[in-house]
Every structure is written in C-alpha cells, then in structure tokens.
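**Q** Sharing upload_1.cif, mmCIF, N, CA and C atoms:
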```
data_work
#
loop_
_atom_site.label_atom_id
_atom_site.label_comp_id
_atom_site.auth_asym_id
_atom_site.auth_seq_id
_atom_site.Cartn_x
_atom_site.Cartn_y
_atom_site.Cartn_z
N MET A 1 4.62 15.80 -7.45
CA MET A 1 4.68 14.79 -8.49
C MET A 1 3.29 14.16 -8.64
N LYS A 2 2.85 14.00 -9.86
CA LYS A 2 1.55 13.41 -10.14
C LYS A 2 1.59 11.90 -9.92
N PHE A 3 0.38 11.34 -9.68
CA PHE A 3 0.27 9.91 -9.39
C PHE A 3 0.90 9.06 -10.49
N GLY A 4 0.58 9.33 -11.74
CA GLY A 4 1.10 8.53 -12.85
C GLY A 4 2.61 8.54 -12.93
N GLU A 5 3.20 9.70 -12.69
CA GLU A 5 4.67 9.81 -12.70
C GLU A 5 5.28 8.98 -11.58
N ARG A 6 4.70 9.10 -10.40
CA ARG A 6 5.21 8.34 -9.25
C ARG A 6 5.07 6.84 -9.50
N LEU A 7 3.96 6.45 -10.06
CA LEU A 7 3.71 5.04 -10.35
C LEU A 7 4.77 4.50 -11.31
N LYS A 8 5.06 5.25 -12.35
CA LYS A 8 6.06 4.82 -13.34
C LYS A 8 7.45 4.72 -12.72
N ILE A 9 7.83 5.72 -11.94
CA ILE A 9 9.15 5.70 -11.29
C ILE A 9 9.28 4.50 -10.36
N LEU A 10 8.26 4.26 -9.56
CA LEU A 10 8.30 3.13 -8.63
C LEU A 10 8.34 1.80 -9.36
N ARG A 11 7.58 1.69 -10.44
CA ARG A 11 7.59 0.45 -11.23
C ARG A 11 8.99 0.18 -11.76
N LYS A 12 9.63 1.22 -12.27
CA LYS A 12 10.98 1.05 -12.81
C LYS A 12 11.98 0.72 -11.71
N GLN A 13 11.78 1.25 -10.52
CA GLN A 13 12.68 0.95 -9.40
C GLN A 13 12.65 -0.53 -9.03
N VAL A 14 11.49 -1.15 -9.15
CA VAL A 14 11.40 -2.58 -8.83
C VAL A 14 11.63 -3.46 -10.05
N LYS A 15 11.99 -2.80 -11.16
CA LYS A 15 12.36 -3.49 -12.41
C LYS A 15 11.26 -4.42 -12.93
N LEU A 16 10.05 -3.86 -12.98
CA LEU A 16 8.92 -4.59 -13.55
C LEU A 16 8.40 -3.83 -14.76
N THR A 17 7.87 -4.56 -15.71
CA THR A 17 7.25 -3.93 -16.88
C THR A 17 5.78 -3.65 -16.56
N GLN A 18 5.18 -2.83 -17.40
CA GLN A 18 3.75 -2.58 -17.25
C GLN A 18 2.97 -3.89 -17.35
N SER A 19 3.37 -4.74 -18.28
CA SER A 19 2.69 -6.02 -18.46
C SER A 19 2.80 -6.91 -17.23
N GLN A 20 3.96 -6.91 -16.60
CA GLN A 20 4.15 -7.75 -15.41
C GLN A 20 3.26 -7.29 -14.26
N ILE A 21 3.19 -5.98 -14.05
CA ILE A 21 2.33 -5.48 -12.98
C ILE A 21 0.87 -5.72 -13.32
N ALA A 22 0.50 -5.47 -14.57
CA ALA A 22 -0.88 -5.70 -15.00
C ALA A 22 -1.28 -7.16 -14.76
N GLU A 23 -0.37 -8.07 -15.05
CA GLU A 23 -0.66 -9.49 -14.84
C GLU A 23 -0.89 -9.78 -13.36
N LYS A 24 -0.07 -9.20 -12.49
CA LYS A 24 -0.23 -9.41 -11.05
C LYS A 24 -1.57 -8.84 -10.55
N LEU A 25 -2.03 -7.79 -11.22
CA LEU A 25 -3.29 -7.15 -10.84
C LEU A 25 -4.50 -7.77 -11.54
N ASP A 26 -4.24 -8.67 -12.48
CA ASP A 26 -5.28 -9.30 -13.27
C ASP A 26 -6.07 -8.26 -14.08
N ILE A 27 -5.32 -7.35 -14.70
CA ILE A 27 -5.91 -6.34 -15.59
C ILE A 27 -5.10 -6.32 -16.88
N SER A 28 -5.56 -5.58 -17.86
CA SER A 28 -4.82 -5.48 -19.12
C SER A 28 -3.66 -4.50 -18.98
N GLN A 29 -2.67 -4.68 -19.82
CA GLN A 29 -1.53 -3.75 -19.84
C GLN A 29 -2.00 -2.36 -20.21
N GLN A 30 -2.97 -2.28 -21.09
CA GLN A 30 -3.51 -0.99 -21.52
C GLN A 30 -4.16 -0.24 -20.36
N ALA A 31 -4.89 -0.98 -19.52
CA ALA A 31 -5.53 -0.35 -18.36
C ALA A 31 -4.46 0.19 -17.41
N TYR A 32 -3.42 -0.60 -17.18
CA TYR A 32 -2.34 -0.14 -16.31
C TYR A 32 -1.65 1.09 -16.92
N ALA A 33 -1.37 1.04 -18.21
CA ALA A 33 -0.70 2.16 -18.89
C ALA A 33 -1.51 3.44 -18.76
N SER A 34 -2.83 3.33 -18.76
CA SER A 34 -3.67 4.53 -18.63
C SER A 34 -3.49 5.19 -17.27
N TRP A 35 -3.13 4.41 -16.25
CA TRP A 35 -2.85 4.98 -14.93
C TRP A 35 -1.55 5.77 -14.95
N GLU A 36 -0.53 5.18 -15.58
CA GLU A 36 0.76 5.88 -15.65
C GLU A 36 0.66 7.15 -16.49
N ARG A 37 -0.18 7.14 -17.49
CA ARG A 37 -0.36 8.34 -18.33
C ARG A 37 -1.26 9.37 -17.65
N GLY A 38 -1.92 8.99 -16.57
CA GLY A 38 -2.80 9.91 -15.86
C GLY A 38 -4.17 10.05 -16.48
N VAL A 39 -4.50 9.15 -17.41
CA VAL A 39 -5.81 9.19 -18.07
C VAL A 39 -6.90 8.67 -17.13
N LYS A 40 -6.59 7.63 -16.37
CA LYS A 40 -7.53 7.03 -15.42
C LYS A 40 -6.82 6.80 -14.10
N LYS A 41 -7.62 6.50 -13.08
CA LYS A 41 -7.09 6.20 -11.74
C LYS A 41 -7.55 4.81 -11.33
N PRO A 42 -6.71 4.07 -10.62
CA PRO A 42 -7.10 2.73 -10.17
C PRO A 42 -8.13 2.78 -9.04
N THR A 43 -8.81 1.69 -8.84
CA THR A 43 -9.75 1.57 -7.73
C THR A 43 -8.97 1.50 -6.42
N GLN A 44 -9.65 1.69 -5.32
CA GLN A 44 -9.02 1.57 -3.99
C GLN A 44 -8.39 0.20 -3.82
N GLU A 45 -9.10 -0.82 -4.25
CA GLU A 45 -8.59 -2.20 -4.15
C GLU A 45 -7.29 -2.35 -4.93
N ASN A 46 -7.25 -1.81 -6.15
CA ASN A 46 -6.04 -1.91 -6.94
C ASN A 46 -4.91 -1.05 -6.38
N LEU A 47 -5.25 0.09 -5.77
CA LEU A 47 -4.22 0.91 -5.12
C LEU A 47 -3.51 0.11 -4.04
N ILE A 48 -4.27 -0.62 -3.26
CA ILE A 48 -3.69 -1.44 -2.19
C ILE A 48 -2.79 -2.51 -2.78
N LYS A 49 -3.26 -3.17 -3.83
CA LYS A 49 -2.45 -4.21 -4.47
C LYS A 49 -1.17 -3.63 -5.07
N ILE A 50 -1.27 -2.47 -5.71
CA ILE A 50 -0.09 -1.83 -6.31
C ILE A 50 0.91 -1.48 -5.21
N ALA A 51 0.43 -0.92 -4.11
CA ALA A 51 1.32 -0.57 -3.00
C ALA A 51 2.06 -1.81 -2.49
N GLN A 52 1.37 -2.93 -2.43
CA GLN A 52 2.02 -4.17 -2.00
C GLN A 52 3.09 -4.60 -3.00
N ILE A 53 2.76 -4.56 -4.26
CA ILE A 53 3.70 -4.96 -5.31
C ILE A 53 4.94 -4.07 -5.30
N LEU A 54 4.72 -2.77 -5.11
CA LEU A 54 5.83 -1.81 -5.16
C LEU A 54 6.48 -1.59 -3.80
N ASN A 55 5.94 -2.23 -2.77
CA ASN A 55 6.48 -2.16 -1.41
C ASN A 55 6.53 -0.72 -0.88
N VAL A 56 5.43 -0.01 -1.05
CA VAL A 56 5.28 1.35 -0.52
C VAL A 56 3.92 1.45 0.14
N THR A 57 3.70 2.53 0.85
CA THR A 57 2.38 2.75 1.45
C THR A 57 1.45 3.34 0.39
N VAL A 58 0.17 3.18 0.61
CA VAL A 58 -0.82 3.78 -0.28
C VAL A 58 -0.67 5.30 -0.23
N ASP A 59 -0.45 5.84 0.96
CA ASP A 59 -0.27 7.29 1.09
C ASP A 59 0.89 7.80 0.23
N TYR A 60 1.99 7.08 0.25
CA TYR A 60 3.13 7.50 -0.59
C TYR A 60 2.76 7.38 -2.07
N LEU A 61 2.12 6.31 -2.41
CA LEU A 61 1.76 6.05 -3.80
C LEU A 61 0.88 7.16 -4.37
N VAL A 62 -0.07 7.64 -3.58
CA VAL A 62 -0.99 8.67 -4.09
C VAL A 62 -0.50 10.09 -3.82
N GLY A 63 0.66 10.22 -3.19
CA GLY A 63 1.24 11.54 -2.98
C GLY A 63 0.84 12.24 -1.70
N ASN A 64 0.22 11.53 -0.77
CA ASN A 64 -0.15 12.13 0.51
C ASN A 64 1.01 12.17 1.49
N SER A 65 2.08 11.45 1.17
CA SER A 65 3.25 11.38 2.03
C SER A 65 4.49 11.33 1.16
N GLU A 66 5.54 11.97 1.60
CA GLU A 66 6.81 11.90 0.88
C GLU A 66 7.71 10.81 1.45
N GLU A 67 7.23 10.15 2.49
CA GLU A 67 7.97 9.06 3.11
C GLU A 67 7.51 7.75 2.49
N GLN A 68 8.46 6.99 1.94
CA GLN A 68 8.09 5.70 1.36
C GLN A 68 7.74 4.70 2.45
N SER A 69 8.34 4.86 3.60
CA SER A 69 8.02 3.96 4.70
C SER A 69 8.30 4.66 6.02
N ASP A 70 7.61 4.25 7.05
CA ASP A 70 7.91 4.71 8.38
C ASP A 70 7.59 3.57 9.34
N GLU A 71 7.65 3.86 10.60
CA GLU A 71 7.54 2.81 11.61
C GLU A 71 6.31 1.93 11.44
N PHE A 72 5.16 2.52 11.15
CA PHE A 72 3.92 1.75 11.04
C PHE A 72 3.27 1.93 9.68
N ASP A 73 4.09 1.98 8.64
CA ASP A 73 3.57 2.29 7.32
C ASP A 73 2.62 1.24 6.76
N ASN A 74 2.72 0.02 7.22
CA ASN A 74 1.86 -1.02 6.66
C ASN A 74 0.60 -1.27 7.47
N ILE A 75 0.44 -0.56 8.58
CA ILE A 75 -0.76 -0.77 9.40
C ILE A 75 -2.01 -0.42 8.60
N GLU A 76 -1.98 0.71 7.92
CA GLU A 76 -3.15 1.11 7.14
C GLU A 76 -3.45 0.08 6.06
N LEU A 77 -2.41 -0.42 5.43
CA LEU A 77 -2.58 -1.43 4.40
C LEU A 77 -3.18 -2.71 4.98
N LEU A 78 -2.63 -3.18 6.09
CA LEU A 78 -3.16 -4.37 6.75
C LEU A 78 -4.61 -4.16 7.18
N PHE A 79 -4.87 -2.97 7.71
CA PHE A 79 -6.23 -2.65 8.16
C PHE A 79 -7.22 -2.72 7.00
N ARG A 80 -6.89 -2.08 5.90
CA ARG A 80 -7.81 -2.06 4.76
C ARG A 80 -8.04 -3.45 4.19
N MET A 81 -6.99 -4.25 4.19
CA MET A 81 -7.12 -5.59 3.62
C MET A 81 -7.93 -6.53 4.50
N ASN A 82 -7.98 -6.25 5.80
CA ASN A 82 -8.61 -7.19 6.73
C ASN A 82 -9.83 -6.66 7.46
N SER A 83 -10.32 -5.50 7.09
CA SER A 83 -11.45 -4.93 7.82
C SER A 83 -12.76 -4.95 7.03
N LYS A 84 -12.75 -5.59 5.89
CA LYS A 84 -13.98 -5.66 5.11
C LYS A 84 -15.05 -6.41 5.88
N GLY A 85 -16.25 -5.88 5.86
CA GLY A 85 -17.37 -6.54 6.53
C GLY A 85 -17.53 -6.15 7.99
N LEU A 86 -16.60 -5.36 8.53
CA LEU A 86 -16.72 -4.94 9.92
C LEU A 86 -17.58 -3.68 10.01
N THR A 87 -18.24 -3.52 11.14
CA THR A 87 -18.98 -2.28 11.37
C THR A 87 -17.97 -1.17 11.65
N GLU A 88 -18.42 0.07 11.64
CA GLU A 88 -17.52 1.20 11.93
C GLU A 88 -16.92 1.07 13.33
N GLU A 89 -17.72 0.67 14.28
CA GLU A 89 -17.23 0.49 15.65
C GLU A 89 -16.17 -0.62 15.70
N GLU A 90 -16.43 -1.73 15.02
CA GLU A 90 -15.46 -2.82 14.98
C GLU A 90 -14.17 -2.39 14.29
N LYS A 91 -14.28 -1.56 13.24
CA LYS A 91 -13.10 -1.07 12.54
C LYS A 91 -12.22 -0.23 13.46
N ILE A 92 -12.84 0.63 14.27
CA ILE A 92 -12.10 1.46 15.21
C ILE A 92 -11.33 0.59 16.21
N ILE A 93 -12.00 -0.39 16.76
CA ILE A 93 -11.38 -1.30 17.73
C ILE A 93 -10.26 -2.10 17.06
N PHE A 94 -10.54 -2.62 15.88
CA PHE A 94 -9.56 -3.43 15.16
C PHE A 94 -8.29 -2.63 14.87
N LYS A 95 -8.45 -1.38 14.42
CA LYS A 95 -7.30 -0.55 14.09
C LYS A 95 -6.46 -0.27 15.34
N LYS A 96 -7.11 0.05 16.45
CA LYS A 96 -6.38 0.28 17.70
C LYS A 96 -5.62 -0.97 18.13
N GLU A 97 -6.27 -2.12 18.03
CA GLU A 97 -5.63 -3.37 18.43
C GLU A 97 -4.46 -3.71 17.51
N LEU A 98 -4.62 -3.44 16.23
CA LEU A 98 -3.56 -3.70 15.27
C LEU A 98 -2.33 -2.83 15.56
N ILE A 99 -2.55 -1.56 15.85
CA ILE A 99 -1.45 -0.66 16.19
C ILE A 99 -0.75 -1.13 17.47
N GLU A 100 -1.53 -1.49 18.47
CA GLU A 100 -0.95 -1.95 19.73
C GLU A 100 -0.15 -3.24 19.52
N PHE A 101 -0.68 -4.15 18.73
CA PHE A 101 0.04 -5.39 18.43
C PHE A 101 1.37 -5.10 17.76
N MET A 102 1.38 -4.20 16.78
CA MET A 102 2.61 -3.86 16.07
C MET A 102 3.63 -3.24 17.02
N ARG A 103 3.18 -2.38 17.92
CA ARG A 103 4.09 -1.76 18.89
C ARG A 103 4.71 -2.82 19.81
N LYS A 104 3.88 -3.74 20.28
CA LYS A 104 4.38 -4.79 21.18
C LYS A 104 5.38 -5.70 20.46
N ARG A 105 5.08 -6.05 19.23
CA ARG A 105 6.00 -6.93 18.47
C ARG A 105 7.32 -6.21 18.21
N LYS A 106 7.26 -4.92 17.87
CA LYS A 106 8.48 -4.17 17.64
C LYS A 106 9.31 -4.12 18.90
N LYS A 107 8.67 -3.86 20.02
CA LYS A 107 9.38 -3.80 21.31
C LYS A 107 10.00 -5.16 21.64
N ALA A 108 9.27 -6.23 21.39
CA ALA A 108 9.79 -7.57 21.65
C ALA A 108 11.02 -7.87 20.80
N PHE A 109 11.00 -7.47 19.55
CA PHE A 109 12.14 -7.70 18.67
C PHE A 109 13.34 -6.85 19.09
N GLU A 110 13.08 -5.62 19.55
CA GLU A 110 14.16 -4.74 19.98
C GLU A 110 14.86 -5.29 21.21
N THR A 111 14.13 -5.92 22.12
CA THR A 111 14.72 -6.45 23.34
C THR A 111 15.52 -7.73 23.07
N ARG A 112 15.25 -8.40 21.96
CA ARG A 112 15.97 -9.62 21.59
C ARG A 112 17.35 -9.30 21.03
N GLU A 113 17.54 -8.11 20.55
CA GLU A 113 18.81 -7.73 19.90
C GLU A 113 19.89 -7.46 20.90
#
```
How would this structure read if it were set down as structure tokens?
**A**
Amino acid sequence: MKFGERLKILRKQVKLTQSQIAEKLDISQQAYASWERGVKKPTQENLIKIAQILNVTVDYLVGNSEEQSDEFDNIELLFRMNSKGLTEEEKIIFKKELIEFMRKRKKAFETRE
C-alpha cells in the first residue's frame, strides 16, 4: 500500500477531515491533500506529528511495518522528539536508556496487576 493511501485510510479511521489534520499540523488543507494524493511527501517532523495524531508508529505510517503497534512502538517516536541537539554518542546512550526505562515501567505495571 502506498503512503498516501495508508494516510487516507488512517485519517478516516480516526474520523478526521483533511482540514482538521492540516490545522493540527499548522499547514494548509491543500498541502495535506497533496500527501494523500501522493504528489508530495511530508517532512520528517510532520511524519512524527501525523503518527501522533493518528496514533500509529512512523514505521507503520510509511509502510516499513505492517504492525500498527507493538510493545515498544512509541520508543522511536519519543526518541526522535527528544533527541534534537544531542551528539551521535549521546543519542545512542539516550535510546538505550529510554528502552531500558520502558522495559522497567512495563515490568512494574505487570507486577501490580
């Protein structure tokens, strides 16, 4: 499935119009429509925002994964949103720590049940 098709299907699933998503992204409806038609592609920053709005991973949104969510599907999203300005070495450390934190929190929640 092409990116534009997937984008349109996901938008309809969350019952939003092109105008509503465009407003959330602070872009024109026409610019958003061009993504659904496959004429243009959004920036990395807008991909992250769209994934948040549609509650899917960026990988699923762009077709790299057929899974809409998995155990740590939002780690990459959190990492990208919070790693700006870090060196490559700091990014590696931050990503490892983020994954470890998520595992510990999941384990803590599982033991509470």
**Q** Find the residue from A:Thr17, A:Val62, A:Val56, A:Gly4 that sits nearest to A:Arg37; use only N, CA and C atoms when measuring.
**A**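 The answer is A:Gly4, which sits nearest to A:Arg37.
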**Q** Might you pull out every residue within 8 Å of A:Ile48, with all atoms listed in the file counted and same-chain residues fewer than 2 positions away left off, and present them as a list in words?
**A** Pro42, Thr43, Gln44, Glu45, Asn46, Ile50, Ala51, Gln52, Ile53, Leu54, Thr57, Val58, Leu77, Arg80 and Met81 of chain A
**Q** Quote the spacing between atom CA of A:Glu36 and atom CA of A:Glu5 in Å to one decimal place.
**A**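 Result for atom CA of A:Glu36 versus atom CA of A:Glu5: 6.3 Å, one decimal.
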**Q** Run DSSP on the backbone and grab whatever in chain A lands in alpha helix (DSSP H); send it over as a CSV table (one decimal) with N, CA and C atoms, in the coordinates of the input.
**A**
```csv
chain,number,residue,atom,x,y,z
A,3,PHE,N,0.4,11.3,-9.7
A,3,PHE,CA,0.3,9.9,-9.4
A,3,PHE,C,0.9,9.1,-10.5
A,4,GLY,N,0.6,9.3,-11.7
A,4,GLY,CA,1.1,8.5,-12.8
A,4,GLY,C,2.6,8.5,-12.9
A,5,GLU,N,3.2,9.7,-12.7
A,5,GLU,CA,4.7,9.8,-12.7
A,5,GLU,C,5.3,9.0,-11.6
A,6,ARG,N,4.7,9.1,-10.4
A,6,ARG,CA,5.2,8.3,-9.2
A,6,ARG,C,5.1,6.8,-9.5
A,7,LEU,N,4.0,6.4,-10.1
A,7,LEU,CA,3.7,5.0,-10.4
A,7,LEU,C,4.8,4.5,-11.3
A,8,LYS,N,5.1,5.2,-12.4
A,8,LYS,CA,6.1,4.8,-13.3
A,8,LYS,C,7.4,4.7,-12.7
A,9,ILE,N,7.8,5.7,-11.9
A,9,ILE,CA,9.2,5.7,-11.3
A,9,ILE,C,9.3,4.5,-10.4
A,10,LEU,N,8.3,4.3,-9.6
A,10,LEU,CA,8.3,3.1,-8.6
A,10,LEU,C,8.3,1.8,-9.4
A,11,ARG,N,7.6,1.7,-10.4
A,11,ARG,CA,7.6,0.4,-11.2
A,11,ARG,C,9.0,0.2,-11.8
A,12,LYS,N,9.6,1.2,-12.3
A,12,LYS,CA,11.0,1.0,-12.8
A,12,LYS,C,12.0,0.7,-11.7
A,13,GLN,N,11.8,1.2,-10.5
A,13,GLN,CA,12.7,1.0,-9.4
A,13,GLN,C,12.6,-0.5,-9.0
A,18,GLN,N,5.2,-2.8,-17.4
A,18,GLN,CA,3.8,-2.6,-17.2
A,18,GLN,C,3.0,-3.9,-17.4
A,19,SER,N,3.4,-4.7,-18.3
A,19,SER,CA,2.7,-6.0,-18.5
A,19,SER,C,2.8,-6.9,-17.2
A,20,GLN,N,4.0,-6.9,-16.6
A,20,GLN,CA,4.2,-7.8,-15.4
A,20,GLN,C,3.3,-7.3,-14.3
A,21,ILE,N,3.2,-6.0,-14.0
A,21,ILE,CA,2.3,-5.5,-13.0
A,21,ILE,C,0.9,-5.7,-13.3
A,22,ALA,N,0.5,-5.5,-14.6
A,22,ALA,CA,-0.9,-5.7,-15.0
A,22,ALA,C,-1.3,-7.2,-14.8
A,23,GLU,N,-0.4,-8.1,-15.0
A,23,GLU,CA,-0.7,-9.5,-14.8
A,23,GLU,C,-0.9,-9.8,-13.4
A,24,LYS,N,-0.1,-9.2,-12.5
A,24,LYS,CA,-0.2,-9.4,-11.0
A,24,LYS,C,-1.6,-8.8,-10.6
A,25,LEU,N,-2.0,-7.8,-11.2
A,25,LEU,CA,-3.3,-7.2,-10.8
A,25,LEU,C,-4.5,-7.8,-11.5
A,29,GLN,N,-2.7,-4.7,-19.8
A,29,GLN,CA,-1.5,-3.8,-19.8
A,29,GLN,C,-2.0,-2.4,-20.2
A,30,GLN,N,-3.0,-2.3,-21.1
A,30,GLN,CA,-3.5,-1.0,-21.5
A,30,GLN,C,-4.2,-0.2,-20.4
A,31,ALA,N,-4.9,-1.0,-19.5
A,31,ALA,CA,-5.5,-0.4,-18.4
A,31,ALA,C,-4.5,0.2,-17.4
A,32,TYR,N,-3.4,-0.6,-17.2
A,32,TYR,CA,-2.3,-0.1,-16.3
A,32,TYR,C,-1.6,1.1,-16.9
A,33,ALA,N,-1.4,1.0,-18.2
A,33,ALA,CA,-0.7,2.2,-18.9
A,33,ALA,C,-1.5,3.4,-18.8
A,34,SER,N,-2.8,3.3,-18.8
A,34,SER,CA,-3.7,4.5,-18.6
A,34,SER,C,-3.5,5.2,-17.3
A,35,TRP,N,-3.1,4.4,-16.2
A,35,TRP,CA,-2.8,5.0,-14.9
A,35,TRP,C,-1.6,5.8,-15.0
A,36,GLU,N,-0.5,5.2,-15.6
A,36,GLU,CA,0.8,5.9,-15.6
A,36,GLU,C,0.7,7.2,-16.5
A,44,GLN,N,-9.6,1.7,-5.3
A,44,GLN,CA,-9.0,1.6,-4.0
A,44,GLN,C,-8.4,0.2,-3.8
A,45,GLU,N,-9.1,-0.8,-4.2
A,45,GLU,CA,-8.6,-2.2,-4.2
A,45,GLU,C,-7.3,-2.4,-4.9
A,46,ASN,N,-7.2,-1.8,-6.2
A,46,ASN,CA,-6.0,-1.9,-6.9
A,46,ASN,C,-4.9,-1.0,-6.4
A,47,LEU,N,-5.2,0.1,-5.8
A,47,LEU,CA,-4.2,0.9,-5.1
A,47,LEU,C,-3.5,0.1,-4.0
A,48,ILE,N,-4.3,-0.6,-3.3
A,48,ILE,CA,-3.7,-1.4,-2.2
A,48,ILE,C,-2.8,-2.5,-2.8
A,49,LYS,N,-3.3,-3.2,-3.8
A,49,LYS,CA,-2.4,-4.2,-4.5
A,49,LYS,C,-1.2,-3.6,-5.1
A,50,ILE,N,-1.3,-2.5,-5.7
A,50,ILE,CA,-0.1,-1.8,-6.3
A,50,ILE,C,0.9,-1.5,-5.2
A,51,ALA,N,0.4,-0.9,-4.1
A,51,ALA,CA,1.3,-0.6,-3.0
A,51,ALA,C,2.1,-1.8,-2.5
A,52,GLN,N,1.4,-2.9,-2.4
A,52,GLN,CA,2.0,-4.2,-2.0
A,52,GLN,C,3.1,-4.6,-3.0
A,53,ILE,N,2.8,-4.6,-4.3
A,53,ILE,CA,3.7,-5.0,-5.3
A,53,ILE,C,4.9,-4.1,-5.3
A,54,LEU,N,4.7,-2.8,-5.1
A,54,LEU,CA,5.8,-1.8,-5.2
A,54,LEU,C,6.5,-1.6,-3.8
A,58,VAL,N,0.2,3.2,0.6
A,58,VAL,CA,-0.8,3.8,-0.3
A,58,VAL,C,-0.7,5.3,-0.2
A,59,ASP,N,-0.4,5.8,1.0
A,59,ASP,CA,-0.3,7.3,1.1
A,59,ASP,C,0.9,7.8,0.2
A,60,TYR,N,2.0,7.1,0.2
A,60,TYR,CA,3.1,7.5,-0.6
A,60,TYR,C,2.8,7.4,-2.1
A,61,LEU,N,2.1,6.3,-2.4
A,61,LEU,CA,1.8,6.0,-3.8
A,61,LEU,C,0.9,7.2,-4.4
A,62,VAL,N,-0.1,7.6,-3.6
A,62,VAL,CA,-1.0,8.7,-4.1
A,62,VAL,C,-0.5,10.1,-3.8
A,75,ILE,N,0.4,-0.6,8.6
A,75,ILE,CA,-0.8,-0.8,9.4
A,75,ILE,C,-2.0,-0.4,8.6
A,76,GLU,N,-2.0,0.7,7.9
A,76,GLU,CA,-3.2,1.1,7.1
A,76,GLU,C,-3.4,0.1,6.1
A,77,LEU,N,-2.4,-0.4,5.4
A,77,LEU,CA,-2.6,-1.4,4.4
A,77,LEU,C,-3.2,-2.7,5.0
A,78,LEU,N,-2.6,-3.2,6.1
A,78,LEU,CA,-3.2,-4.4,6.8
A,78,LEU,C,-4.6,-4.2,7.2
A,79,PHE,N,-4.9,-3.0,7.7
A,79,PHE,CA,-6.2,-2.6,8.2
A,79,PHE,C,-7.2,-2.7,7.0
A,80,ARG,N,-6.9,-2.1,5.9
A,80,ARG,CA,-7.8,-2.1,4.8
A,80,ARG,C,-8.0,-3.4,4.2
A,81,MET,N,-7.0,-4.2,4.2
A,81,MET,CA,-7.1,-5.6,3.6
A,81,MET,C,-7.9,-6.5,4.5
A,82,ASN,N,-8.0,-6.2,5.8
A,82,ASN,CA,-8.6,-7.2,6.7
A,82,ASN,C,-9.8,-6.7,7.5
A,88,GLU,N,-18.4,0.1,11.6
A,88,GLU,CA,-17.5,1.2,11.9
A,88,GLU,C,-16.9,1.1,13.3
A,89,GLU,N,-17.7,0.7,14.3
A,89,GLU,CA,-17.2,0.5,15.6
A,89,GLU,C,-16.2,-0.6,15.7
A,90,GLU,N,-16.4,-1.7,15.0
A,90,GLU,CA,-15.5,-2.8,15.0
A,90,GLU,C,-14.2,-2.4,14.3
A,91,LYS,N,-14.3,-1.6,13.2
A,91,LYS,CA,-13.1,-1.1,12.5
A,91,LYS,C,-12.2,-0.2,13.5
A,92,ILE,N,-12.8,0.6,14.3
A,92,ILE,CA,-12.1,1.5,15.2
A,92,ILE,C,-11.3,0.6,16.2
A,93,ILE,N,-12.0,-0.4,16.8
A,93,ILE,CA,-11.4,-1.3,17.7
A,93,ILE,C,-10.3,-2.1,17.1
A,94,PHE,N,-10.5,-2.6,15.9
A,94,PHE,CA,-9.6,-3.4,15.2
A,94,PHE,C,-8.3,-2.6,14.9
A,95,LYS,N,-8.4,-1.4,14.4
A,95,LYS,CA,-7.3,-0.6,14.1
A,95,LYS,C,-6.5,-0.3,15.3
A,96,LYS,N,-7.1,0.0,16.4
A,96,LYS,CA,-6.4,0.3,17.7
A,96,LYS,C,-5.6,-1.0,18.1
A,97,GLU,N,-6.3,-2.1,18.0
A,97,GLU,CA,-5.6,-3.4,18.4
A,97,GLU,C,-4.5,-3.7,17.5
A,98,LEU,N,-4.6,-3.4,16.2
A,98,LEU,CA,-3.6,-3.7,15.3
A,98,LEU,C,-2.3,-2.8,15.6
A,99,ILE,N,-2.6,-1.6,15.8
A,99,ILE,CA,-1.4,-0.7,16.2
A,99,ILE,C,-0.8,-1.1,17.5
A,100,GLU,N,-1.5,-1.5,18.5
A,100,GLU,CA,-1.0,-2.0,19.7
A,100,GLU,C,-0.2,-3.2,19.5
A,101,PHE,N,-0.7,-4.2,18.7
A,101,PHE,CA,0.0,-5.4,18.4
A,101,PHE,C,1.4,-5.1,17.8
A,102,MET,N,1.4,-4.2,16.8
A,102,MET,CA,2.6,-3.9,16.1
A,102,MET,C,3.6,-3.2,17.0
A,103,ARG,N,3.2,-2.4,17.9
A,103,ARG,CA,4.1,-1.8,18.9
A,103,ARG,C,4.7,-2.8,19.8
A,104,LYS,N,3.9,-3.7,20.3
A,104,LYS,CA,4.4,-4.8,21.2
A,104,LYS,C,5.4,-5.7,20.5
A,105,ARG,N,5.1,-6.0,19.2
A,105,ARG,CA,6.0,-6.9,18.5
A,105,ARG,C,7.3,-6.2,18.2
A,106,LYS,N,7.3,-4.9,17.9
A,106,LYS,CA,8.5,-4.2,17.6
A,106,LYS,C,9.3,-4.1,18.9
A,107,LYS,N,8.7,-3.9,20.0
A,107,LYS,CA,9.4,-3.8,21.3
A,107,LYS,C,10.0,-5.2,21.6
A,108,ALA,N,9.3,-6.2,21.4
A,108,ALA,CA,9.8,-7.6,21.6
A,108,ALA,C,11.0,-7.9,20.8
A,109,PHE,N,11.0,-7.5,19.6
A,109,PHE,CA,12.1,-7.7,18.7
A,109,PHE,C,13.3,-6.8,19.1
A,110,GLU,N,13.1,-5.6,19.6
A,110,GLU,CA,14.2,-4.7,20.0
A,110,GLU,C,14.9,-5.3,21.2
A,111,THR,N,14.1,-5.9,22.1
A,111,THR,CA,14.7,-6.4,23.3
A,111,THR,C,15.5,-7.7,23.1
A,112,ARG,N,15.2,-8.4,22.0
A,112,ARG,CA,16.0,-9.6,21.6
A,112,ARG,C,17.4,-9.3,21.0
```
**Q** Between A:Leu98, A:Lys2, A:Arg105, A:Lys8, which one has atoms that come closest to A:Ile75, using only N, CA and C atoms?
**A**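 Closest candidate: A:Leu98.
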**Q** Atom CA of A:Leu78 and atom CA of A:Ile99, how far apart in Å?
**A**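 Atom-to-atom, atom CA of A:Ile99 to atom CA of A:Leu78, that is 10.3 Å.
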**Q** Report, in Å to a single decimal, how far apart atom CA of A:Arg6 and atom CA of A:Ser65 are.
**A**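 Between these atoms lies a distance of 11.8 Å.
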**Q** Which of these residues is nearest to A:Leu7, using only C-alpha atoms: A:Leu86, A:Ile93, A:Met102, A:Ile21?
**A**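 So, comparing all the options, the nearest one is A:Ile21.
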**Q** So that I can check the surroundings of A:Gln30, please list as a ChimeraX atom specification every protein, DNA and RNA residue that reaches within 9 Å of it, counting only C-alpha atoms and ignoring chain neighbours fewer than 4 positions away.
**A** /A:18-19,22,34-35
**Q** Leaving out A:Phe94 and any residue of its chain fewer than 6 positions from it, which residues lie within 10 Å of it when counting only C-alpha atoms, given as number ranges by chain?
**A** A: 79, 82-83, 86, 88, 100
